[in-house]
$ cat protein15.txt   # compact mmCIF, C-alpha atoms
# COMPACT_ATOMS: atom_id res chain seq x y z
CA MET A 1 56.45 -33.09 86.43
CA ASN A 2 55.03 -29.83 85.11
CA ASN A 3 58.07 -27.71 84.37
CA ILE A 4 56.77 -24.35 85.54
CA GLU A 5 55.20 -25.82 88.70
CA GLU A 6 58.44 -27.61 89.51
CA LYS A 7 60.35 -24.38 89.03
CA LEU A 8 57.88 -22.48 91.21
CA TRP A 9 58.21 -25.04 94.02
CA ASP A 10 62.01 -24.84 93.76
CA TYR A 11 61.66 -21.04 93.91
CA ILE A 12 59.46 -21.26 97.02
CA ASP A 13 61.81 -23.76 98.68
CA GLY A 14 64.81 -21.57 97.83
CA ARG A 15 66.50 -24.30 95.82
CA CYS A 16 67.11 -22.22 92.68
CA ALA A 17 70.39 -20.86 91.42
CA PRO A 18 70.55 -17.00 91.65
CA GLU A 19 70.11 -16.54 87.87
CA GLU A 20 67.16 -18.90 87.77
CA GLN A 21 65.65 -17.16 90.79
CA ASN A 22 65.80 -13.82 88.99
CA ALA A 23 64.26 -15.33 85.85
CA ILE A 24 61.34 -16.85 87.79
CA SER A 25 60.84 -13.65 89.75
CA ALA A 26 60.59 -11.74 86.47
CA LEU A 27 58.19 -14.34 85.05
CA ILE A 28 55.91 -13.97 88.10
CA ASP A 29 55.87 -10.21 87.64
CA GLU A 30 55.15 -10.38 83.91
CA ASP A 31 52.71 -13.30 83.56
CA ALA A 32 49.39 -12.98 85.41
CA GLY A 33 48.68 -16.71 85.02
CA VAL A 34 52.00 -17.69 86.56
CA ARG A 35 51.49 -15.09 89.30
CA LEU A 36 48.10 -16.60 90.22
CA GLN A 37 49.61 -20.09 90.24
CA PHE A 38 52.49 -18.87 92.40
CA GLU A 39 50.15 -17.20 94.89
CA GLN A 40 48.08 -20.38 95.20
CA MET A 41 51.20 -22.47 95.74
CA LEU A 42 52.56 -19.99 98.26
CA SER A 43 49.28 -20.10 100.18
CA ALA A 44 49.34 -23.91 100.18
CA ASN A 45 52.95 -23.84 101.32
CA THR A 46 52.03 -21.55 104.24
CA SER A 47 49.27 -23.99 105.23
CA PHE A 48 51.64 -26.97 105.06
CA THR A 49 54.18 -25.17 107.23
CA ALA A 50 51.48 -24.55 109.85
CA MET A 51 50.85 -28.30 110.12
CA GLU A 52 50.62 -29.41 113.75
CA LEU A 53 52.39 -32.40 115.24
CA ASP A 54 50.37 -35.03 117.06
CA GLU A 55 50.94 -35.69 120.73
CA PRO A 56 51.43 -39.24 122.03
CA SER A 57 49.90 -40.31 125.35
CA MET A 58 51.09 -38.67 128.58
CA ALA A 59 52.89 -41.81 129.72
CA PHE A 60 54.79 -42.27 126.45
CA THR A 61 58.30 -41.45 127.72
CA TYR A 62 57.67 -43.45 130.90
CA ASN A 63 56.51 -46.46 128.84
CA VAL A 64 59.60 -46.32 126.60
CA MET A 65 61.99 -46.06 129.54
CA GLU A 66 60.15 -48.80 131.43
CA ALA A 67 60.39 -51.10 128.40
CA ILE A 68 64.14 -50.39 128.19
CA ARG A 69 64.60 -51.06 131.91
CA THR A 70 62.63 -54.33 131.68
CA GLU A 71 64.65 -55.39 128.65
CA ASN A 72 67.94 -54.66 130.43
CA ALA A 73 66.80 -56.64 133.48
CA ARG A 74 65.92 -59.60 131.27
CA VAL A 75 69.45 -60.04 129.93
CA PRO A 76 69.94 -63.81 129.44
CA LEU A 77 72.36 -65.61 131.78
CA LYS A 78 74.58 -66.35 128.79
CA ALA A 79 75.16 -62.61 128.28
CA ALA A 80 75.32 -61.78 131.99
CA ILE A 81 78.27 -64.12 132.72
CA ASN A 82 81.54 -62.30 132.93
CA LYS A 83 83.65 -63.49 130.02
CA ARG A 84 86.85 -62.90 132.02
CA ILE A 85 85.82 -65.60 134.50
CA ILE A 86 85.25 -68.09 131.67
CA ARG A 87 88.58 -67.13 130.14
CA GLY A 88 90.28 -67.56 133.55
CA ILE A 89 88.86 -71.07 133.97
CA GLY A 90 89.97 -71.92 130.43
CA ILE A 91 93.50 -70.64 131.08
CA PHE A 92 93.70 -72.60 134.38
CA PHE A 93 92.80 -75.90 132.70
CA THR A 94 95.07 -75.27 129.72
CA VAL A 95 98.03 -74.47 131.98
CA THR A 96 97.32 -77.55 134.18
CA LEU A 97 97.10 -79.84 131.16
CA LEU A 98 100.24 -78.37 129.62
CA ALA A 99 102.13 -78.76 132.93
CA LEU A 100 101.03 -82.39 133.18
CA LEU A 101 102.04 -83.02 129.59
CA VAL A 102 105.47 -81.47 130.13
CA LEU A 103 105.87 -83.49 133.34
CA VAL A 104 105.01 -86.74 131.58
CA ILE A 105 107.20 -86.06 128.55
CA THR A 106 110.23 -85.15 130.68
CA SER A 107 109.74 -88.28 132.80
CA VAL A 108 109.72 -90.73 129.88
CA ARG A 109 112.79 -92.95 129.59
CA TRP A 110 113.33 -93.89 126.05
CA SER A 111 115.22 -97.20 125.55
CA ALA A 112 115.42 -99.98 122.93
CA GLN A 113 113.41 -102.43 125.10
CA GLY A 114 110.52 -100.08 125.35
CA LEU A 115 109.68 -97.06 127.33
CA SER A 116 108.99 -96.59 130.99
CA VAL A 117 107.77 -93.58 132.88
CA ASN A 118 109.51 -92.52 136.04
CA LEU A 119 107.67 -89.61 137.58
CA THR A 120 109.70 -87.29 139.74
CA ALA A 121 110.73 -88.46 143.16
CA GLY A 122 108.11 -88.52 145.86
CA PHE A 123 105.21 -88.86 143.46
CA LYS A 124 103.57 -92.25 143.70
CA MET A 125 100.85 -93.43 141.40
CA PRO A 126 97.87 -94.62 143.41
CA ALA A 127 97.52 -98.40 143.50
CA ILE A 128 94.50 -99.43 141.50
CA ASN A 129 92.34 -102.38 142.42
CA TYR A 130 91.38 -103.55 138.92
CA SER A 131 88.31 -105.56 139.98
CA ASP A 132 86.79 -102.39 141.58
CA ALA A 133 88.08 -100.16 138.80
CA LYS A 134 86.23 -102.18 136.16
CA ILE A 135 82.88 -101.36 137.78
CA VAL A 136 83.87 -97.71 138.17
CA VAL A 137 84.94 -97.52 134.52
CA GLN A 138 81.70 -99.17 133.36
CA ALA A 139 79.65 -96.79 135.51
CA PHE A 140 81.65 -93.86 134.17
CA VAL A 141 81.13 -94.94 130.55
CA PHE A 142 77.40 -95.56 131.19
CA PHE A 143 77.07 -92.10 132.75
CA ASP A 144 78.89 -90.52 129.80
CA VAL A 145 76.68 -92.28 127.27
CA MET A 146 73.51 -91.23 129.12
CA LEU A 147 74.75 -87.65 129.43
CA GLY A 148 75.62 -87.64 125.73
CA LEU A 149 72.16 -88.91 124.77
CA TYR A 150 70.50 -86.35 127.05
CA LEU A 151 72.49 -83.46 125.57
CA PHE A 152 71.86 -84.70 122.02
CA ASP A 153 68.11 -84.88 122.76
CA ALA A 154 68.16 -81.34 124.21
CA TYR A 155 70.02 -80.10 121.10
CA LEU A 156 67.48 -81.72 118.74
CA ARG A 157 64.55 -80.26 120.72
CA LYS A 158 66.11 -76.79 120.59
CA LYS A 159 66.65 -77.11 116.85
CA ARG A 160 63.05 -78.18 116.26
CA ALA A 161 61.73 -75.33 118.41
CA ALA A 162 63.84 -72.81 116.47
CA ARG A 163 62.54 -74.21 113.17
CA SER A 164 58.88 -73.93 114.26
CA VAL A 165 59.18 -70.19 115.19
CA MET B 1 69.69 -19.01 131.17
CA GLN B 2 70.48 -22.72 130.82
CA SER B 3 71.57 -23.63 127.30
CA LYS B 4 69.85 -26.52 125.57
CA VAL B 5 71.89 -29.71 125.65
CA SER B 6 72.56 -30.99 122.12
CA ASP B 7 71.48 -34.41 120.85
CA ALA B 8 75.15 -35.44 120.57
CA GLU B 9 75.76 -34.63 124.25
CA LEU B 10 72.66 -36.57 125.31
CA ILE B 11 73.78 -39.54 123.20
CA ALA B 12 77.24 -39.46 124.78
CA GLN B 13 75.69 -39.40 128.25
CA THR B 14 73.32 -42.26 127.36
CA LEU B 15 76.25 -44.35 126.16
CA THR B 16 77.91 -43.96 129.54
CA GLY B 17 74.81 -45.52 131.11
CA ASN B 18 72.80 -42.39 131.97
CA GLN B 19 69.24 -43.45 131.14
CA ALA B 20 67.84 -40.05 132.17
CA ALA B 21 69.70 -38.55 129.20
CA TYR B 22 67.93 -40.95 126.86
CA ALA B 23 64.60 -40.04 128.46
CA ASP B 24 65.38 -36.41 127.52
CA LEU B 25 66.08 -37.49 123.93
CA VAL B 26 62.77 -39.35 123.84
CA LYS B 27 60.92 -36.30 125.19
CA ARG B 28 62.59 -34.11 122.60
CA HIS B 29 61.70 -36.25 119.58
CA GLN B 30 58.56 -38.10 120.66
CA ARG B 31 56.02 -35.75 119.04
CA PHE B 32 57.65 -35.93 115.67
CA VAL B 33 58.31 -39.68 115.83
CA PHE B 34 54.71 -40.30 116.86
CA THR B 35 53.36 -38.08 114.05
CA LEU B 36 55.54 -39.89 111.54
CA ALA B 37 54.36 -43.26 112.83
CA LEU B 38 50.77 -42.03 112.58
CA ARG B 39 51.30 -41.28 108.89
CA TYR B 40 51.80 -45.02 108.35
CA ALA B 41 49.61 -46.64 110.97
CA LYS B 42 46.59 -44.25 110.83
CA VAL B 43 45.49 -45.58 114.23
CA ARG B 44 46.83 -43.89 117.39
CA GLU B 45 47.40 -47.15 119.31
CA ASP B 46 49.40 -48.66 116.44
CA ALA B 47 51.33 -45.43 115.94
CA GLU B 48 52.23 -45.38 119.62
CA GLU B 49 53.46 -48.97 119.38
CA ILE B 50 55.60 -48.12 116.33
CA ALA B 51 56.98 -45.00 118.02
CA GLN B 52 57.78 -46.92 121.22
CA ASP B 53 59.47 -49.76 119.29
CA SER B 54 61.48 -47.22 117.31
CA PHE B 55 62.86 -45.59 120.46
CA ILE B 56 63.72 -48.99 121.96
CA LYS B 57 65.49 -50.07 118.75
CA ALA B 58 67.31 -46.74 118.60
CA TYR B 59 68.46 -47.21 122.22
CA ARG B 60 69.74 -50.71 121.44
CA SER B 61 71.78 -49.57 118.45
CA LEU B 62 72.75 -46.13 119.73
CA ALA B 63 76.39 -47.21 119.94
CA SER B 64 76.36 -47.83 116.18
CA PHE B 65 75.26 -44.23 115.47
CA GLN B 66 78.36 -42.70 113.92
CA GLY B 67 77.24 -39.08 114.06
CA GLN B 68 77.84 -38.65 110.33
CA SER B 69 74.22 -37.54 109.85
CA LYS B 70 71.82 -35.70 112.16
CA PHE B 71 70.47 -37.86 115.00
CA SER B 72 66.93 -37.00 113.84
CA THR B 73 67.68 -38.32 110.30
CA TRP B 74 69.03 -41.57 111.77
CA LEU B 75 66.05 -41.83 114.14
CA TYR B 76 63.56 -41.29 111.29
CA SER B 77 65.18 -44.08 109.31
CA VAL B 78 64.61 -46.33 112.35
CA VAL B 79 60.96 -45.18 112.48
CA TYR B 80 60.55 -45.86 108.76
CA THR B 81 61.89 -49.44 108.96
CA THR B 82 59.93 -50.12 112.16
CA ALA B 83 56.72 -48.86 110.54
CA MET B 84 57.34 -50.97 107.43
CA THR B 85 57.93 -54.10 109.54
CA PHE B 86 54.84 -53.34 111.62
CA LEU B 87 52.64 -52.87 108.56
CA ARG B 88 54.00 -56.04 106.96
CA LYS B 89 53.19 -57.94 110.12
CA LYS B 90 49.70 -56.50 110.28
CA ARG B 91 49.26 -57.16 106.58
CA ILE B 92 47.88 -53.72 105.92
CA ALA B 93 47.64 -52.93 102.24
CA THR B 94 49.22 -49.48 102.34
CA ASP B 95 48.38 -48.87 98.68
CA SER B 96 44.65 -48.97 99.37
CA ILE B 97 44.68 -46.16 101.89
CA ASP B 98 44.23 -43.54 99.22
CA ASP B 99 41.47 -45.34 97.36
CA GLU B 100 38.04 -43.97 96.57
CA HIS B 101 36.29 -46.03 99.24
CA ASN B 102 38.29 -44.47 102.03
CA PHE B 103 37.82 -41.04 100.61
CA VAL B 104 34.03 -41.46 100.54
CA GLN B 105 34.14 -42.60 104.16
CA ILE B 106 36.04 -39.51 105.23
CA GLU B 107 33.75 -37.27 103.19
CA ASN B 108 30.74 -38.76 104.91
CA GLN B 109 32.34 -38.16 108.26
CA VAL B 110 32.71 -34.50 107.44
CA SER B 111 29.15 -34.12 106.23
CA ALA B 112 27.93 -35.71 109.44
CA TYR B 113 29.06 -32.67 111.43
CA ASP B 114 26.46 -30.02 112.08
CA VAL B 115 27.05 -26.43 111.03
CA ASN B 116 28.31 -25.33 114.45
CA THR B 117 30.87 -28.11 114.58
CA ALA B 118 32.04 -27.31 111.08
CA GLU B 119 32.40 -23.64 111.99
CA SER B 120 34.63 -24.48 114.91
CA LYS B 121 36.98 -26.61 112.82
CA SER B 122 40.20 -24.84 112.04
CA ARG B 123 42.10 -24.96 108.79
CA SER B 124 44.60 -27.13 110.65
CA PHE B 125 41.93 -29.79 111.17
CA TYR B 126 41.23 -29.95 107.45
CA LEU B 127 44.92 -30.07 106.73
CA GLN B 128 45.35 -33.05 109.08
CA GLN B 129 42.36 -34.69 107.42
CA ALA B 130 43.82 -34.11 103.96
CA ILE B 131 47.17 -35.56 105.05
CA GLY B 132 45.30 -38.60 106.36
CA GLN B 133 43.94 -39.15 102.84
CA LEU B 134 47.39 -39.26 101.26
CA LEU B 135 49.45 -42.38 100.62
CA PRO B 136 51.59 -43.15 103.70
CA ASP B 137 54.87 -42.42 101.90
CA ASP B 138 53.57 -39.09 100.57
CA ALA B 139 52.28 -38.10 104.01
CA ALA B 140 55.61 -39.05 105.60
CA ILE B 141 57.63 -37.07 103.02
CA ILE B 142 55.44 -33.99 103.52
CA THR B 143 55.81 -34.30 107.31
CA LEU B 144 59.57 -34.82 107.16
CA PHE B 145 60.01 -31.87 104.80
CA TYR B 146 57.80 -29.35 106.59
CA LYS B 147 58.06 -30.38 110.24
CA GLY B 148 61.17 -32.56 110.48
CA GLU B 149 63.56 -29.88 109.22
CA GLN B 150 64.99 -32.46 106.83
CA SER B 151 66.48 -31.67 103.44
CA LEU B 152 65.63 -33.78 100.38
CA GLU B 153 68.97 -35.59 100.80
CA GLU B 154 68.22 -36.36 104.45
CA ILE B 155 64.70 -37.59 103.64
CA ALA B 156 66.20 -39.83 100.95
CA GLN B 157 68.66 -41.20 103.51
CA ALA B 158 65.93 -41.81 106.10
CA MET B 159 63.64 -43.55 103.62
CA GLY B 160 66.31 -45.41 101.68
CA MET B 161 65.43 -43.72 98.37
CA GLU B 162 67.19 -41.70 95.71
CA THR B 163 67.14 -37.92 96.26
CA ASN B 164 65.51 -37.42 92.87
CA THR B 165 62.77 -39.94 93.71
CA VAL B 166 62.07 -38.02 96.93
CA LYS B 167 61.94 -34.76 94.95
CA VAL B 168 59.38 -36.19 92.52
CA LYS B 169 57.38 -37.74 95.36
CA LEU B 170 57.39 -34.45 97.30
CA PHE B 171 56.20 -32.58 94.21
CA ARG B 172 53.32 -35.02 93.67
CA ALA B 173 52.48 -35.19 97.37
CA ARG B 174 52.19 -31.40 97.56
CA GLN B 175 49.95 -31.35 94.51
CA ARG B 176 47.69 -34.06 95.94
CA LEU B 177 47.60 -32.45 99.37
CA LYS B 178 46.72 -29.08 97.85
CA GLU B 179 43.87 -30.65 95.87
CA LYS B 180 42.52 -32.59 98.84
CA LEU B 181 42.74 -29.57 101.13
CA GLU B 182 40.86 -27.43 98.61
CA ARG B 183 38.26 -30.19 98.22
CA ASN B 184 37.77 -30.51 101.99
CA LEU B 185 37.59 -26.76 102.52
CA LYS B 186 35.09 -26.43 99.66
CA HIS B 187 33.00 -29.06 101.41
CA GLU B 188 33.23 -27.08 104.65
CA ALA B 189 32.03 -23.95 102.86
CA LYS B 190 29.02 -25.86 101.49
CA GLU B 191 28.22 -27.08 105.00
CA LEU B 192 28.31 -23.53 106.31
CA ILE B 193 25.87 -22.33 103.61

$ encode --input "protein15.txt" --output "structure tokens"
Amino acid sequence: MNNIEEKLWDYIDGRCAPEEQNAISALIDEDAGVRLQFEQMLSANTSFTAMELDEPSMAFTYNVMEAIRTENARVPLKAAINKRIIRGIGIFFTVTLLALLVLVITSVRWSAQGLSVNLTAGFKMPAINYSDAKIVVQAFVFFDVMLGLYLFDAYLRKKRAARSV
Amino acid sequence: MQSKVSDAELIAQTLTGNQAAYADLVKRHQRFVFTLALRYAKVREDAEEIAQDSFIKAYRSLASFQGQSKFSTWLYSVVYTTAMTFLRKKRIATDSIDDEHNFVQIENQVSAYDVNTAESKSRSFYLQQAIGQLLPDDAAIITLFYKGEQSLEEIAQAMGMETNTVKVKLFRARQRLKEKLERNLKHEAKELI
């Protein structure tokens, strides 16, 4: 940077220390060349200050607000679900499982011959017909395997789609 | 007389869900944001897209605005990054904007005006034209300094640069703008004769 020009711009912008300001002011008064340079820079500075701002289209604010409204309306279901509901369901299942676990543990009779479970009075385990249950279990396992394959396929598709973007 | 609501108050209202308050913020800053975007995009349609995207991004991350700097400084940094992303996407070589070819094109445009048209052009028109011939960063710094009421430190913050770099860039930008303005006005004088 040209030293005197830099100083003159600092002087115009009011970024000089008081002593420096006085020194430059004196230099402008004494040196005709510096004075001419200063006047040219001051004139340019006045022109720059008069610079006009451009105007966007009339509907600009409306367009911005409309885009924001549309974006808000398009919130994905994942984000729209109330997290408290999910947490509530989670707590319900956890408490149920824990209660069952406590019930089972307290009902176990530990003995040297082995262990037997005696659930509290009045609670009867449903009688299971093992010939029917076998089919139900097979169907259940088949359904689980199919569901697992379907979900795995959906996961792989999603991953591939994300990679191609 | 109703006092002007500050940016901070409008931000607080927006954060409580009052979208009308954000619309007021947009109205307040849209001219400057659009001008700044125009310094990079050079085309009105693109500049409008950048300005619109900037306001949407600013709305999305308004909660993260700490209030440690002026809202305008923070908003201009959003405009700057949005413009950079936009230009990268459009693969515009920003460095070539100031080249000789473009300058000749603009010169020819000026000489195409007849004397009456040239007479009616204000100094402001030639200033805008000269700014259009600057490098985007130089044009943005000049605009931020003169019209954005931003200090060198704030410009540095908005553009992610060192304050000293901004100072040097501002110095050079003013020199270039002065030269180009003189050149354009000299051309206008020739046209008038």

$ closest_atom_pairs --input "protein15.txt" --of "chain A" --to "chain B" --cutoff "12 Å" --atoms "only C-alpha atoms" --output "JSON lines"
{"residue": "A:Met1", "atom": "CA", "partner": "B:Val168", "partner_atom": "CA", "distance": 7.4}
{"residue": "A:Asn2", "atom": "CA", "partner": "B:Phe171", "partner_atom": "CA", "distance": 9.6}
{"residue": "A:Asn3", "atom": "CA", "partner": "B:Phe171", "partner_atom": "CA", "distance": 11.1}
{"residue": "A:Ile4", "atom": "CA", "partner": "B:Phe171", "partner_atom": "CA", "distance": 12.0}
{"residue": "A:Glu5", "atom": "CA", "partner": "B:Phe171", "partner_atom": "CA", "distance": 8.8}
{"residue": "A:Glu6", "atom": "CA", "partner": "B:Phe171", "partner_atom": "CA", "distance": 7.2}
{"residue": "A:Lys7", "atom": "CA", "partner": "B:Phe171", "partner_atom": "CA", "distance": 10.5}
{"residue": "A:Leu8", "atom": "CA", "partner": "B:Phe171", "partner_atom": "CA", "distance": 10.7}
{"residue": "A:Trp9", "atom": "CA", "partner": "B:Phe171", "partner_atom": "CA", "distance": 7.8}
{"residue": "A:Asp10", "atom": "CA", "partner": "B:Phe171", "partner_atom": "CA", "distance": 9.7}
{"residue": "A:Asp13", "atom": "CA", "partner": "B:Phe145", "partner_atom": "CA", "distance": 10.3}
{"residue": "A:Gly14", "atom": "CA", "partner": "B:Ser151", "partner_atom": "CA", "distance": 11.7}
{"residue": "A:Arg15", "atom": "CA", "partner": "B:Leu152", "partner_atom": "CA", "distance": 10.6}
{"residue": "A:Gln40", "atom": "CA", "partner": "B:Lys178", "partner_atom": "CA", "distance": 9.2}
{"residue": "A:Met41", "atom": "CA", "partner": "B:Lys178", "partner_atom": "CA", "distance": 8.3}
{"residue": "A:Leu42", "atom": "CA", "partner": "B:Lys178", "partner_atom": "CA", "distance": 10.8}
{"residue": "A:Ser43", "atom": "CA", "partner": "B:Lys178", "partner_atom": "CA", "distance": 9.6}
{"residue": "A:Ala44", "atom": "CA", "partner": "B:Lys178", "partner_atom": "CA", "distance": 6.2}
{"residue": "A:Asn45", "atom": "CA", "partner": "B:Arg174", "partner_atom": "CA", "distance": 8.5}
{"residue": "A:Thr46", "atom": "CA", "partner": "B:Tyr146", "partner_atom": "CA", "distance": 10.0}
{"residue": "A:Ser47", "atom": "CA", "partner": "B:Leu127", "partner_atom": "CA", "distance": 7.6}
{"residue": "A:Phe48", "atom": "CA", "partner": "B:Tyr146", "partner_atom": "CA", "distance": 6.8}
{"residue": "A:Thr49", "atom": "CA", "partner": "B:Tyr146", "partner_atom": "CA", "distance": 5.6}
{"residue": "A:Ala50", "atom": "CA", "partner": "B:Ser124", "partner_atom": "CA", "distance": 7.4}
{"residue": "A:Met51", "atom": "CA", "partner": "B:Ser124", "partner_atom": "CA", "distance": 6.4}
{"residue": "A:Glu52", "atom": "CA", "partner": "B:Ser124", "partner_atom": "CA", "distance": 7.1}
{"residue": "A:Leu53", "atom": "CA", "partner": "B:Thr35", "partner_atom": "CA", "distance": 5.9}
{"residue": "A:Asp54", "atom": "CA", "partner": "B:Thr35", "partner_atom": "CA", "distance": 5.2}
{"residue": "A:Glu55", "atom": "CA", "partner": "B:Arg31", "partner_atom": "CA", "distance": 5.4}
{"residue": "A:Pro56", "atom": "CA", "partner": "B:Phe34", "partner_atom": "CA", "distance": 6.2}
{"residue": "A:Ser57", "atom": "CA", "partner": "B:Glu48", "partner_atom": "CA", "distance": 8.0}
{"residue": "A:Met58", "atom": "CA", "partner": "B:Lys27", "partner_atom": "CA", "distance": 10.7}
{"residue": "A:Ala59", "atom": "CA", "partner": "B:Glu48", "partner_atom": "CA", "distance": 10.7}
{"residue": "A:Phe60", "atom": "CA", "partner": "B:Gln52", "partner_atom": "CA", "distance": 7.6}
{"residue": "A:Thr61", "atom": "CA", "partner": "B:Val26", "partner_atom": "CA", "distance": 6.3}
{"residue": "A:Tyr62", "atom": "CA", "partner": "B:Ala23", "partner_atom": "CA", "distance": 8.1}
{"residue": "A:Asn63", "atom": "CA", "partner": "B:Gln52", "partner_atom": "CA", "distance": 7.7}
{"residue": "A:Val64", "atom": "CA", "partner": "B:Gln52", "partner_atom": "CA", "distance": 5.7}
{"residue": "A:Met65", "atom": "CA", "partner": "B:Ala23", "partner_atom": "CA", "distance": 6.6}
{"residue": "A:Glu66", "atom": "CA", "partner": "B:Ile56", "partner_atom": "CA", "distance": 10.1}
{"residue": "A:Ala67", "atom": "CA", "partner": "B:Ile56", "partner_atom": "CA", "distance": 7.6}
{"residue": "A:Ile68", "atom": "CA", "partner": "B:Ile56", "partner_atom": "CA", "distance": 6.4}
{"residue": "A:Arg69", "atom": "CA", "partner": "B:Gln19", "partner_atom": "CA", "distance": 8.9}
{"residue": "A:Thr70", "atom": "CA", "partner": "B:Ile56", "partner_atom": "CA", "distance": 11.1}
{"residue": "A:Glu71", "atom": "CA", "partner": "B:Ile56", "partner_atom": "CA", "distance": 9.3}
{"residue": "A:Asn72", "atom": "CA", "partner": "B:Arg60", "partner_atom": "CA", "distance": 10.0}

$ residues_around --input "protein15.txt" --residues "Tyr11 of chain A" --least-positions-apart "5" --cutoff "9 Å" --atoms "all atoms listed in the file" --output "list in words"
Glu6, Cys16, Glu20, Gln21, Ile24 and Ser25 of chain A

$ atom_distance --input "protein15.txt" --atom1 "atom CA of Arg176 of chain B" --atom2 "atom CA of Leu144 of chain B"
16.4 Å

$ decode --input "protein15.txt" --residues "segment 131-147 of chain B" --atoms "N, CA and C atoms" --output "PDB file, in the first residue's frame"
ATOM      1  N   ILE B 131     -18.868  -0.296 -10.034  1.00  0.00           N
ATOM      2  CA  ILE B 131     -18.887  -1.340  -8.987  1.00  0.00           C
ATOM      3  C   ILE B 131     -19.080  -2.707  -9.637  1.00  0.00           C
ATOM      4  N   GLY B 132     -19.908  -2.744 -10.667  1.00  0.00           N
ATOM      5  CA  GLY B 132     -20.153  -3.996 -11.397  1.00  0.00           C
ATOM      6  C   GLY B 132     -18.900  -4.538 -12.065  1.00  0.00           C
ATOM      7  N   GLN B 133     -17.920  -3.666 -12.301  1.00  0.00           N
ATOM      8  CA  GLN B 133     -16.679  -4.102 -12.949  1.00  0.00           C
ATOM      9  C   GLN B 133     -15.625  -4.572 -11.941  1.00  0.00           C
ATOM     10  N   LEU B 134     -15.924  -4.412 -10.671  1.00  0.00           N
ATOM     11  CA  LEU B 134     -14.952  -4.842  -9.653  1.00  0.00           C
ATOM     12  C   LEU B 134     -15.057  -6.343  -9.405  1.00  0.00           C
ATOM     13  N   LEU B 135     -14.040  -6.888  -8.740  1.00  0.00           N
ATOM     14  CA  LEU B 135     -14.122  -8.281  -8.294  1.00  0.00           C
ATOM     15  C   LEU B 135     -15.238  -8.380  -7.252  1.00  0.00           C
ATOM     16  N   PRO B 136     -15.962  -9.498  -7.205  1.00  0.00           N
ATOM     17  CA  PRO B 136     -17.080  -9.601  -6.263  1.00  0.00           C
ATOM     18  C   PRO B 136     -16.727  -9.259  -4.814  1.00  0.00           C
ATOM     19  N   ASP B 137     -15.577  -9.763  -4.343  1.00  0.00           N
ATOM     20  CA  ASP B 137     -15.174  -9.484  -2.958  1.00  0.00           C
ATOM     21  C   ASP B 137     -14.948  -7.988  -2.726  1.00  0.00           C
ATOM     22  N   ASP B 138     -14.294  -7.343  -3.711  1.00  0.00           N
ATOM     23  CA  ASP B 138     -14.027  -5.897  -3.594  1.00  0.00           C
ATOM     24  C   ASP B 138     -15.335  -5.120  -3.564  1.00  0.00           C
ATOM     25  N   ALA B 139     -16.247  -5.505  -4.475  1.00  0.00           N
ATOM     26  CA  ALA B 139     -17.546  -4.820  -4.540  1.00  0.00           C
ATOM     27  C   ALA B 139     -18.315  -5.005  -3.235  1.00  0.00           C
ATOM     28  N   ALA B 140     -18.246  -6.213  -2.680  1.00  0.00           N
ATOM     29  CA  ALA B 140     -18.964  -6.496  -1.423  1.00  0.00           C
ATOM     30  C   ALA B 140     -18.370  -5.687  -0.269  1.00  0.00           C
ATOM     31  N   ILE B 141     -17.026  -5.608  -0.218  1.00  0.00           N
ATOM     32  CA  ILE B 141     -16.381  -4.856   0.871  1.00  0.00           C
ATOM     33  C   ILE B 141     -16.750  -3.375   0.799  1.00  0.00           C
ATOM     34  N   ILE B 142     -16.716  -2.836  -0.431  1.00  0.00           N
ATOM     35  CA  ILE B 142     -17.079  -1.419  -0.625  1.00  0.00           C
ATOM     36  C   ILE B 142     -18.527  -1.188  -0.162  1.00  0.00           C
ATOM     37  N   THR B 143     -19.412  -2.108  -0.554  1.00  0.00           N
ATOM     38  CA  THR B 143     -20.832  -1.963  -0.208  1.00  0.00           C
ATOM     39  C   THR B 143     -21.033  -2.073   1.303  1.00  0.00           C
ATOM     40  N   LEU B 144     -20.370  -3.056   1.908  1.00  0.00           N
ATOM     41  CA  LEU B 144     -20.510  -3.234   3.362  1.00  0.00           C
ATOM     42  C   LEU B 144     -19.982  -2.011   4.120  1.00  0.00           C
ATOM     43  N   PHE B 145     -18.877  -1.456   3.633  1.00  0.00           N
ATOM     44  CA  PHE B 145     -18.248  -0.333   4.324  1.00  0.00           C
ATOM     45  C   PHE B 145     -19.082   0.944   4.184  1.00  0.00           C
ATOM     46  N   TYR B 146     -19.533   1.231   2.963  1.00  0.00           N
ATOM     47  CA  TYR B 146     -20.215   2.503   2.733  1.00  0.00           C
ATOM     48  C   TYR B 146     -21.718   2.463   3.012  1.00  0.00           C
ATOM     49  N   LYS B 147     -22.356   1.314   2.733  1.00  0.00           N
ATOM     50  CA  LYS B 147     -23.811   1.282   2.898  1.00  0.00           C
ATOM     51  C   LYS B 147     -24.277   0.374   4.038  1.00  0.00           C
TER      52      LYS B 147
END
